[in-house]
$ cat run26.pdb   # PDB, C-alpha atoms
ATOM      1  CA  MET A 260     -83.158 194.927   3.619  1.00  0.00           C
ATOM      2  CA  ASN A 261     -81.123 196.221   6.524  1.00  0.00           C
ATOM      3  CA  PHE A 262     -77.433 196.775   5.779  1.00  0.00           C
ATOM      4  CA  LYS A 263     -75.162 196.535   8.768  1.00  0.00           C
ATOM      5  CA  ASN A 264     -73.376 199.852   9.301  1.00  0.00           C
ATOM      6  CA  GLY A 265     -74.786 201.035   5.978  1.00  0.00           C
ATOM      7  CA  SER A 266     -72.181 198.971   4.169  1.00  0.00           C
ATOM      8  CA  GLN A 267     -73.008 197.504   0.843  1.00  0.00           C
ATOM      9  CA  GLN A 268     -70.678 196.397  -1.903  1.00  0.00           C
ATOM     10  CA  LYS A 269     -71.368 196.176  -5.631  1.00  0.00           C
ATOM     11  CA  ILE A 270     -70.083 193.096  -7.418  1.00  0.00           C
ATOM     12  CA  ASP A 271     -69.190 193.466 -11.103  1.00  0.00           C
ATOM     13  CA  ILE A 272     -71.056 190.380 -12.271  1.00  0.00           C
ATOM     14  CA  ASP A 273     -70.691 191.199 -15.976  1.00  0.00           C
ATOM     15  CA  GLN A 274     -66.958 190.481 -15.793  1.00  0.00           C
ATOM     16  CA  VAL A 275     -67.397 186.987 -14.381  1.00  0.00           C
ATOM     17  CA  GLU A 276     -70.831 185.880 -15.520  1.00  0.00           C
ATOM     18  CA  GLU A 277     -69.525 183.877 -18.470  1.00  0.00           C
ATOM     19  CA  ALA A 278     -66.057 183.196 -17.069  1.00  0.00           C
ATOM     20  CA  HIS A 279     -66.752 179.971 -15.249  1.00  0.00           C
ATOM     21  CA  THR A 280     -63.481 178.071 -15.153  1.00  0.00           C
ATOM     22  CA  GLU A 281     -63.143 174.353 -14.558  1.00  0.00           C
ATOM     23  CA  LYS A 282     -62.223 174.954 -10.897  1.00  0.00           C
ATOM     24  CA  ALA A 283     -65.158 177.318 -10.395  1.00  0.00           C
ATOM     25  CA  LEU A 284     -67.573 174.898 -12.052  1.00  0.00           C
ATOM     26  CA  GLU A 285     -66.419 172.085  -9.756  1.00  0.00           C
ATOM     27  CA  TYR A 286     -67.358 174.122  -6.678  1.00  0.00           C
ATOM     28  CA  ILE A 287     -70.553 175.431  -8.277  1.00  0.00           C
ATOM     29  CA  ASN A 288     -71.728 171.885  -8.986  1.00  0.00           C
ATOM     30  CA  ASN A 289     -70.330 170.388  -5.757  1.00  0.00           C
ATOM     31  CA  PRO A 290     -70.155 173.106  -3.081  1.00  0.00           C
ATOM     32  CA  LYS A 291     -67.920 172.414  -0.099  1.00  0.00           C
ATOM     33  CA  ASN A 292     -68.641 173.646   3.429  1.00  0.00           C
ATOM     34  CA  LEU A 293     -72.077 175.037   2.571  1.00  0.00           C
ATOM     35  CA  ALA A 294     -73.645 174.951   6.032  1.00  0.00           C
ATOM     36  CA  ILE A 295     -74.544 176.886   9.120  1.00  0.00           C
ATOM     37  CA  ILE A 296     -72.271 175.828  11.968  1.00  0.00           C
ATOM     38  CA  ARG A 297     -74.155 175.590  15.249  1.00  0.00           C
ATOM     39  CA  ASN A 298     -72.240 176.831  18.294  1.00  0.00           C
ATOM     40  CA  TYR A 299     -69.772 178.659  16.065  1.00  0.00           C
ATOM     41  CA  ASP A 300     -66.907 180.621  17.569  1.00  0.00           C
ATOM     42  CA  GLY A 301     -67.024 183.437  15.019  1.00  0.00           C
ATOM     43  CA  LYS A 302     -69.573 184.626  12.472  1.00  0.00           C
ATOM     44  CA  GLY A 303     -69.198 187.228   9.734  1.00  0.00           C
ATOM     45  CA  GLU A 304     -72.024 188.665   7.650  1.00  0.00           C
ATOM     46  CA  LYS A 305     -71.714 190.881   4.574  1.00  0.00           C
ATOM     47  CA  THR A 306     -74.249 192.098   2.033  1.00  0.00           C
ATOM     48  CA  ALA A 307     -73.572 193.130  -1.567  1.00  0.00           C
ATOM     49  CA  LYS A 308     -75.425 193.953  -4.735  1.00  0.00           C
ATOM     50  CA  VAL A 309     -74.810 191.165  -7.227  1.00  0.00           C
ATOM     51  CA  GLY A 310     -76.123 192.156 -10.616  1.00  0.00           C
ATOM     52  CA  LYS A 311     -79.667 193.350  -9.939  1.00  0.00           C
ATOM     53  CA  GLN A 312     -80.172 191.520  -6.659  1.00  0.00           C
ATOM     54  CA  ILE A 313     -79.001 191.989  -3.093  1.00  0.00           C
ATOM     55  CA  ALA A 314     -77.247 189.005  -1.529  1.00  0.00           C
ATOM     56  CA  THR A 315     -75.903 188.293   1.948  1.00  0.00           C
ATOM     57  CA  ILE A 316     -73.176 185.818   2.841  1.00  0.00           C
ATOM     58  CA  TRP A 317     -72.281 184.435   6.248  1.00  0.00           C
ATOM     59  CA  ILE A 318     -68.959 182.876   7.219  1.00  0.00           C
ATOM     60  CA  TYR A 319     -68.920 180.581  10.268  1.00  0.00           C
ATOM     61  CA  LEU A 320     -65.739 179.514  12.079  1.00  0.00           C
ATOM     62  CA  LYS A 321     -64.892 176.924  14.725  1.00  0.00           C
ATOM     63  CA  ILE A 322     -61.575 177.816  16.325  1.00  0.00           C
ATOM     64  CA  LYS A 323     -59.355 175.997  18.806  1.00  0.00           C
ATOM     65  CA  ASP A 324     -56.074 177.423  20.118  1.00  0.00           C
ATOM     66  CA  ASP A 325     -56.316 180.224  17.523  1.00  0.00           C
ATOM     67  CA  VAL A 326     -56.378 177.692  14.661  1.00  0.00           C
ATOM     68  CA  ILE A 327     -59.411 177.488  12.396  1.00  0.00           C
ATOM     69  CA  GLN A 328     -60.661 173.916  12.729  1.00  0.00           C
ATOM     70  CA  LYS A 329     -63.792 174.245  10.634  1.00  0.00           C
ATOM     71  CA  ALA A 330     -65.161 176.909   8.297  1.00  0.00           C
ATOM     72  CA  SER A 331     -68.412 177.133   6.398  1.00  0.00           C
ATOM     73  CA  TYR A 332     -70.442 179.653   4.463  1.00  0.00           C
ATOM     74  CA  PHE A 333     -74.097 180.258   3.751  1.00  0.00           C
ATOM     75  CA  SER A 334     -75.940 182.695   1.506  1.00  0.00           C
ATOM     76  CA  ASP A 335     -79.479 183.852   0.912  1.00  0.00           C
ATOM     77  CA  SER A 336     -78.731 183.699  -2.824  1.00  0.00           C
ATOM     78  CA  LEU A 337     -78.311 180.665  -5.027  1.00  0.00           C
ATOM     79  CA  GLY A 338     -75.680 182.296  -7.251  1.00  0.00           C
ATOM     80  CA  GLY A 339     -73.153 179.837  -8.615  1.00  0.00           C
ATOM     81  CA  LEU A 340     -70.099 182.005  -8.047  1.00  0.00           C
ATOM     82  CA  ILE A 341     -71.102 182.432  -4.428  1.00  0.00           C
ATOM     83  CA  HIS A 342     -70.635 178.673  -4.061  1.00  0.00           C
ATOM     84  CA  ALA A 343     -67.298 178.791  -5.871  1.00  0.00           C
ATOM     85  CA  TYR A 344     -65.899 181.609  -3.725  1.00  0.00           C
ATOM     86  CA  GLY A 345     -67.427 180.301  -0.486  1.00  0.00           C
ATOM     87  CA  SER A 346     -66.062 176.815  -1.084  1.00  0.00           C
ATOM     88  CA  SER A 347     -62.632 178.100  -2.060  1.00  0.00           C
ATOM     89  CA  LEU A 348     -62.256 180.455   0.910  1.00  0.00           C
ATOM     90  CA  THR A 349     -63.470 177.962   3.505  1.00  0.00           C
ATOM     91  CA  GLU A 350     -61.093 175.312   2.138  1.00  0.00           C
ATOM     92  CA  MET A 351     -58.218 177.829   2.213  1.00  0.00           C
ATOM     93  CA  VAL A 352     -58.658 178.835   5.864  1.00  0.00           C
ATOM     94  CA  LYS A 353     -59.017 175.378   7.427  1.00  0.00           C
ATOM     95  CA  GLY A 354     -55.962 174.576   9.507  1.00  0.00           C
ATOM     96  CA  LYS A 355     -54.637 178.134   9.373  1.00  0.00           C
ATOM     97  CA  THR A 356     -54.107 180.376  12.347  1.00  0.00           C
ATOM     98  CA  MET A 357     -56.327 183.418  12.445  1.00  0.00           C
ATOM     99  CA  ARG A 358     -53.301 185.571  11.613  1.00  0.00           C
ATOM    100  CA  GLU A 359     -52.545 183.440   8.533  1.00  0.00           C
ATOM    101  CA  ALA A 360     -56.192 183.607   7.461  1.00  0.00           C
ATOM    102  CA  LEU A 361     -56.131 187.396   7.686  1.00  0.00           C
ATOM    103  CA  TRP A 362     -53.231 187.449   5.216  1.00  0.00           C
ATOM    104  CA  ILE A 363     -55.397 185.851   2.517  1.00  0.00           C
ATOM    105  CA  GLN A 364     -56.044 188.518  -0.094  1.00  0.00           C
ATOM    106  CA  PRO A 365     -59.129 188.742  -2.326  1.00  0.00           C
ATOM    107  CA  GLU A 366     -56.898 188.132  -5.347  1.00  0.00           C
ATOM    108  CA  TYR A 367     -55.731 184.813  -3.848  1.00  0.00           C
ATOM    109  CA  ILE A 368     -59.304 183.590  -3.555  1.00  0.00           C
ATOM    110  CA  SER A 369     -60.050 184.547  -7.152  1.00  0.00           C
ATOM    111  CA  ALA A 370     -56.747 183.095  -8.375  1.00  0.00           C
ATOM    112  CA  SER A 371     -57.548 179.763  -6.705  1.00  0.00           C
ATOM    113  CA  LEU A 372     -60.537 179.615  -9.066  1.00  0.00           C
ATOM    114  CA  ASP A 373     -58.545 180.869 -12.082  1.00  0.00           C
ATOM    115  CA  LEU A 374     -60.753 183.980 -12.139  1.00  0.00           C
ATOM    116  CA  PRO A 375     -59.914 187.691 -12.101  1.00  0.00           C
ATOM    117  CA  GLU A 376     -60.780 189.634  -8.947  1.00  0.00           C
ATOM    118  CA  THR A 377     -64.054 191.456  -9.587  1.00  0.00           C
ATOM    119  CA  GLY A 378     -65.339 191.994  -6.072  1.00  0.00           C
ATOM    120  CA  TYR A 379     -66.393 188.501  -4.984  1.00  0.00           C
ATOM    121  CA  GLY A 380     -63.041 187.845  -3.299  1.00  0.00           C
ATOM    122  CA  ALA A 381     -63.174 191.164  -1.451  1.00  0.00           C
ATOM    123  CA  TRP A 382     -66.756 190.453  -0.353  1.00  0.00           C
ATOM    124  CA  PHE A 383     -65.816 187.068   1.103  1.00  0.00           C
ATOM    125  CA  LYS A 384     -62.612 188.440   2.667  1.00  0.00           C
ATOM    126  CA  ARG A 385     -64.638 191.110   4.501  1.00  0.00           C
ATOM    127  CA  ALA A 386     -66.983 188.423   5.859  1.00  0.00           C
ATOM    128  CA  LEU A 387     -63.968 186.382   7.009  1.00  0.00           C
ATOM    129  CA  VAL A 388     -62.461 189.399   8.789  1.00  0.00           C
ATOM    130  CA  GLU A 389     -65.787 190.040  10.512  1.00  0.00           C
ATOM    131  CA  ALA A 390     -65.973 186.374  11.642  1.00  0.00           C
ATOM    132  CA  ILE A 391     -62.461 186.572  13.112  1.00  0.00           C
ATOM    133  CA  ASN A 392     -63.297 189.870  14.828  1.00  0.00           C
ATOM    134  CA  ASP A 393     -66.457 188.284  16.243  1.00  0.00           C
ATOM    135  CA  TYR A 394     -64.367 185.451  17.687  1.00  0.00           C
ATOM    136  CA  ASN A 395     -61.873 187.906  19.201  1.00  0.00           C
ATOM    137  CA  ILE A 396     -64.657 189.874  20.903  1.00  0.00           C
ATOM    138  CA  TYR A 397     -65.966 186.760  22.634  1.00  0.00           C
ATOM    139  CA  LYS A 398     -62.487 185.498  23.420  1.00  0.00           C
ATOM    140  CA  SER A 399     -61.620 188.739  25.207  1.00  0.00           C
ATOM    141  CA  ALA A 400     -64.946 188.884  27.059  1.00  0.00           C
ATOM    142  CA  PRO A 401     -66.408 185.355  27.282  1.00  0.00           C
ATOM    143  CA  TRP A 402     -69.220 186.490  29.576  1.00  0.00           C
ATOM    144  CA  LYS A 403     -70.816 188.224  26.568  1.00  0.00           C
ATOM    145  CA  LYS A 404     -71.815 184.835  25.114  1.00  0.00           C
ATOM    146  CA  MET A 405     -74.209 184.370  27.999  1.00  0.00           C
ATOM    147  CA  TYR A 406     -76.079 187.517  26.988  1.00  0.00           C
ATOM    148  CA  GLU A 407     -76.312 186.859  23.282  1.00  0.00           C
ATOM    149  CA  GLN A 408     -77.973 183.911  21.678  1.00  0.00           C
ATOM    150  CA  LYS A 409     -75.573 182.451  19.113  1.00  0.00           C
ATOM    151  CA  TYR A 410     -77.063 179.969  16.675  1.00  0.00           C
TER     152      TYR A 410
END
$ encode --input "run26.pdb" --output "structure tokens"
Amino acid sequence: MNFKNGSQQKIDIDQVEEAHTEKALEYINNPKNLAIIRNYDGKGEKTAKVGKQIATIWIYLKIKDDVIQKASYFSDSLGGLIHAYGSSLTEMVKGKTMREALWIQPEYISASLDLPETGYGAWFKRALVEAINDYNIYKSAPWKKMYEQKY
């Protein structure tokens, strides 16, 4: 697997494997915003080692007037906590300005699920930051969209 910029994060799955709270279980069983947004405005991608496997998450954003209108996530792994964290983060950022979204800390994401921060929140936060940076690149140079296929 190719890691972008050689970056890979290790998630401490042993700390959270059995710690599924009621809030986390709700999102695990009924994920929210699990989708690939077509014609997105920003996309972030991050890979991490989760237990013994490598997993990649993608965050997709639709933005209007610097406010996040729609957010979704997708993963190449079926891990339950990925759905909990992805659902929680994408619900948190909807309706926020990009600046407000950048203030969300990994601990806030974990706390929204009544879980300790073990690396999942940081993983998703990094993907969010990359999605916002992606949007800013195209906003500052819109002609670049014509040269890159975004889907």
$ resolve_selection --input "run26.pdb" --expression "the PyMOL selection byres ((chain A and resi 316) around 7)" --output "VMD selection string"
chain A and resid 304 to 306 314 to 315 317 to 318 332 to 335
$ write_last_selection --input "run26.pdb" --atoms "C-alpha atoms" --output "PDB file, keeping the file's coordinate frame"
ATOM      1  CA  GLU A 304     -72.024 188.665   7.650  1.00  0.00           C
ATOM      2  CA  LYS A 305     -71.714 190.881   4.574  1.00  0.00           C
ATOM      3  CA  THR A 306     -74.249 192.098   2.033  1.00  0.00           C
ATOM      4  CA  ALA A 314     -77.247 189.005  -1.529  1.00  0.00           C
ATOM      5  CA  THR A 315     -75.903 188.293   1.948  1.00  0.00           C
ATOM      6  CA  TRP A 317     -72.281 184.435   6.248  1.00  0.00           C
ATOM      7  CA  ILE A 318     -68.959 182.876   7.219  1.00  0.00           C
ATOM      8  CA  TYR A 332     -70.442 179.653   4.463  1.00  0.00           C
ATOM      9  CA  PHE A 333     -74.097 180.258   3.751  1.00  0.00           C
ATOM     10  CA  SER A 334     -75.940 182.695   1.506  1.00  0.00           C
ATOM     11  CA  ASP A 335     -79.479 183.852   0.912  1.00  0.00           C
TER      12      ASP A 335
END
$ residues_near_point --input "run26.pdb" --point "(-60.8, 171.4, 2.3)" --cutoff "12 Å" --atoms "all atoms listed in the file" --output "list of chain:residue names"
A:Tyr286, A:Pro290, A:Lys291, A:Asn292, A:Leu293, A:Ile327, A:Gln328, A:Lys329, A:Ala330, A:Ser331, A:Gly345, A:Ser346, A:Ser347, A:Leu348, A:Thr349, A:Glu350, A:Met351, A:Val352, A:Lys353, A:Gly354, A:Lys355
$ atom_distance --input "run26.pdb" --atom1 "CA of Phe383 (chain A)" --atom2 "CA of Asp300 (chain A)"
17.7 Å
$ atom_distance --input "run26.pdb" --atom1 "CA of Trp362 (chain A)" --atom2 "CA of Glu281 (chain A)"
25.7 Å
$ resolve_selection --input "run26.pdb" --expression "the PyMOL selection byres ((chain A and resi 382) around 9)" --output "count of residues only"
16
$ resolve_selection --input "run26.pdb" --expression "the PyMOL selection byres ((chain A and resi 325) around 9)" --output "JSON list (two decimals) with C-alpha atoms, keeping the file's coordinate frame"
[["chain", "number", "residue", "atom", "x", "y", "z"],
["A", 322, "ILE", "CA", -61.58, 177.82, 16.32],
["A", 323, "LYS", "CA", -59.36, 176.00, 18.81],
["A", 324, "ASP", "CA", -56.07, 177.42, 20.12],
["A", 326, "VAL", "CA", -56.38, 177.69, 14.66],
["A", 327, "ILE", "CA", -59.41, 177.49, 12.40],
["A", 355, "LYS", "CA", -54.64, 178.13, 9.37],
["A", 356, "THR", "CA", -54.11, 180.38, 12.35],
["A", 357, "MET", "CA", -56.33, 183.42, 12.44],
["A", 358, "ARG", "CA", -53.30, 185.57, 11.61]]
$ atom_distance --input "run26.pdb" --atom1 "CA of Ala390 (chain A)" --atom2 "CA of Ile287 (chain A)"
23.2 Å
$ residues_around --input "run26.pdb" --residues "Ser371 (chain A)" --least-positions-apart "2" --cutoff "9 Å" --atoms "all atoms listed in the file" --output "PDB file with C-alpha atoms, keeping the file's coordinate frame"
ATOM      1  CA  LYS A 282     -62.223 174.954 -10.897  1.00  0.00           C
ATOM      2  CA  ALA A 283     -65.158 177.318 -10.395  1.00  0.00           C
ATOM      3  CA  SER A 347     -62.632 178.100  -2.060  1.00  0.00           C
ATOM      4  CA  LEU A 348     -62.256 180.455   0.910  1.00  0.00           C
ATOM      5  CA  GLU A 366     -56.898 188.132  -5.347  1.00  0.00           C
ATOM      6  CA  TYR A 367     -55.731 184.813  -3.848  1.00  0.00           C
ATOM      7  CA  ILE A 368     -59.304 183.590  -3.555  1.00  0.00           C
ATOM      8  CA  SER A 369     -60.050 184.547  -7.152  1.00  0.00           C
ATOM      9  CA  ASP A 373     -58.545 180.869 -12.082  1.00  0.00           C
ATOM     10  CA  LEU A 374     -60.753 183.980 -12.139  1.00  0.00           C
TER      11      LEU A 374
END
$ closest_residue --input "run26.pdb" --among "A:Val309, A:Ser399, A:Lys321, A:Ile296" --to "Thr377 (chain A)" --atoms "all atoms listed in the file"
A:Val309
$ decode --input "run26.pdb" --residues "region 304-325 of chain A" --atoms "N, CA and C atoms" --output "PDB file, in the first residue's frame"
ATOM      1  N   GLU A 304      -7.455  12.374   2.839  1.00  0.00           N
ATOM      2  CA  GLU A 304      -7.197  10.926   2.874  1.00  0.00           C
ATOM      3  C   GLU A 304      -6.065  10.656   3.857  1.00  0.00           C
ATOM      4  N   LYS A 305      -6.277   9.736   4.780  1.00  0.00           N
ATOM      5  CA  LYS A 305      -5.249   9.365   5.744  1.00  0.00           C
ATOM      6  C   LYS A 305      -5.273   7.857   5.968  1.00  0.00           C
ATOM      7  N   THR A 306      -4.091   7.297   6.126  1.00  0.00           N
ATOM      8  CA  THR A 306      -3.930   5.861   6.332  1.00  0.00           C
ATOM      9  C   THR A 306      -3.324   5.623   7.707  1.00  0.00           C
ATOM     10  N   ALA A 307      -3.771   4.554   8.369  1.00  0.00           N
ATOM     11  CA  ALA A 307      -3.234   4.207   9.688  1.00  0.00           C
ATOM     12  C   ALA A 307      -3.231   2.694   9.855  1.00  0.00           C
ATOM     13  N   LYS A 308      -2.432   2.245  10.769  1.00  0.00           N
ATOM     14  CA  LYS A 308      -2.427   0.830  11.133  1.00  0.00           C
ATOM     15  C   LYS A 308      -3.391   0.671  12.301  1.00  0.00           C
ATOM     16  N   VAL A 309      -4.419  -0.125  12.087  1.00  0.00           N
ATOM     17  CA  VAL A 309      -5.433  -0.364  13.108  1.00  0.00           C
ATOM     18  C   VAL A 309      -5.316  -1.835  13.502  1.00  0.00           C
ATOM     19  N   GLY A 310      -4.794  -2.068  14.693  1.00  0.00           N
ATOM     20  CA  GLY A 310      -4.536  -3.448  15.078  1.00  0.00           C
ATOM     21  C   GLY A 310      -3.485  -4.029  14.155  1.00  0.00           C
ATOM     22  N   LYS A 311      -3.840  -5.104  13.453  1.00  0.00           N
ATOM     23  CA  LYS A 311      -2.901  -5.748  12.531  1.00  0.00           C
ATOM     24  C   LYS A 311      -3.150  -5.381  11.080  1.00  0.00           C
ATOM     25  N   GLN A 312      -4.131  -4.545  10.821  1.00  0.00           N
ATOM     26  CA  GLN A 312      -4.430  -4.195   9.431  1.00  0.00           C
ATOM     27  C   GLN A 312      -4.166  -2.725   9.154  1.00  0.00           C
ATOM     28  N   ILE A 313      -4.025  -2.417   7.886  1.00  0.00           N
ATOM     29  CA  ILE A 313      -3.851  -1.044   7.419  1.00  0.00           C
ATOM     30  C   ILE A 313      -5.214  -0.572   6.909  1.00  0.00           C
ATOM     31  N   ALA A 314      -5.611   0.623   7.323  1.00  0.00           N
ATOM     32  CA  ALA A 314      -6.901   1.160   6.895  1.00  0.00           C
ATOM     33  C   ALA A 314      -6.721   2.596   6.416  1.00  0.00           C
ATOM     34  N   THR A 315      -7.525   2.976   5.442  1.00  0.00           N
ATOM     35  CA  THR A 315      -7.518   4.335   4.912  1.00  0.00           C
ATOM     36  C   THR A 315      -8.913   4.921   5.082  1.00  0.00           C
ATOM     37  N   ILE A 316      -8.951   6.184   5.484  1.00  0.00           N
ATOM     38  CA  ILE A 316     -10.221   6.908   5.571  1.00  0.00           C
ATOM     39  C   ILE A 316     -10.154   8.099   4.632  1.00  0.00           C
ATOM     40  N   TRP A 317     -11.312   8.473   4.131  1.00  0.00           N
ATOM     41  CA  TRP A 317     -11.457   9.658   3.283  1.00  0.00           C
ATOM     42  C   TRP A 317     -12.548  10.522   3.890  1.00  0.00           C
ATOM     43  N   ILE A 318     -12.310  11.812   3.940  1.00  0.00           N
ATOM     44  CA  ILE A 318     -13.314  12.788   4.360  1.00  0.00           C
ATOM     45  C   ILE A 318     -13.627  13.639   3.139  1.00  0.00           C
ATOM     46  N   TYR A 319     -14.921  13.793   2.848  1.00  0.00           N
ATOM     47  CA  TYR A 319     -15.381  14.602   1.715  1.00  0.00           C
ATOM     48  C   TYR A 319     -16.188  15.775   2.248  1.00  0.00           C
ATOM     49  N   LEU A 320     -15.969  16.965   1.682  1.00  0.00           N
ATOM     50  CA  LEU A 320     -16.677  18.166   2.110  1.00  0.00           C
ATOM     51  C   LEU A 320     -17.312  18.881   0.928  1.00  0.00           C
ATOM     52  N   LYS A 321     -18.508  19.392   1.137  1.00  0.00           N
ATOM     53  CA  LYS A 321     -19.157  20.349   0.237  1.00  0.00           C
ATOM     54  C   LYS A 321     -19.222  21.650   1.020  1.00  0.00           C
ATOM     55  N   ILE A 322     -18.693  22.710   0.422  1.00  0.00           N
ATOM     56  CA  ILE A 322     -18.539  23.981   1.125  1.00  0.00           C
ATOM     57  C   ILE A 322     -19.141  25.099   0.302  1.00  0.00           C
ATOM     58  N   LYS A 323     -19.863  25.986   0.976  1.00  0.00           N
ATOM     59  CA  LYS A 323     -20.424  27.172   0.317  1.00  0.00           C
ATOM     60  C   LYS A 323     -20.195  28.363   1.242  1.00  0.00           C
ATOM     61  N   ASP A 324     -19.597  29.413   0.704  1.00  0.00           N
ATOM     62  CA  ASP A 324     -19.294  30.622   1.475  1.00  0.00           C
ATOM     63  C   ASP A 324     -18.503  30.291   2.740  1.00  0.00           C
ATOM     64  N   ASP A 325     -17.543  29.386   2.614  1.00  0.00           N
ATOM     65  CA  ASP A 325     -16.671  28.955   3.706  1.00  0.00           C
ATOM     66  C   ASP A 325     -17.394  28.239   4.846  1.00  0.00           C
TER      67      ASP A 325
END
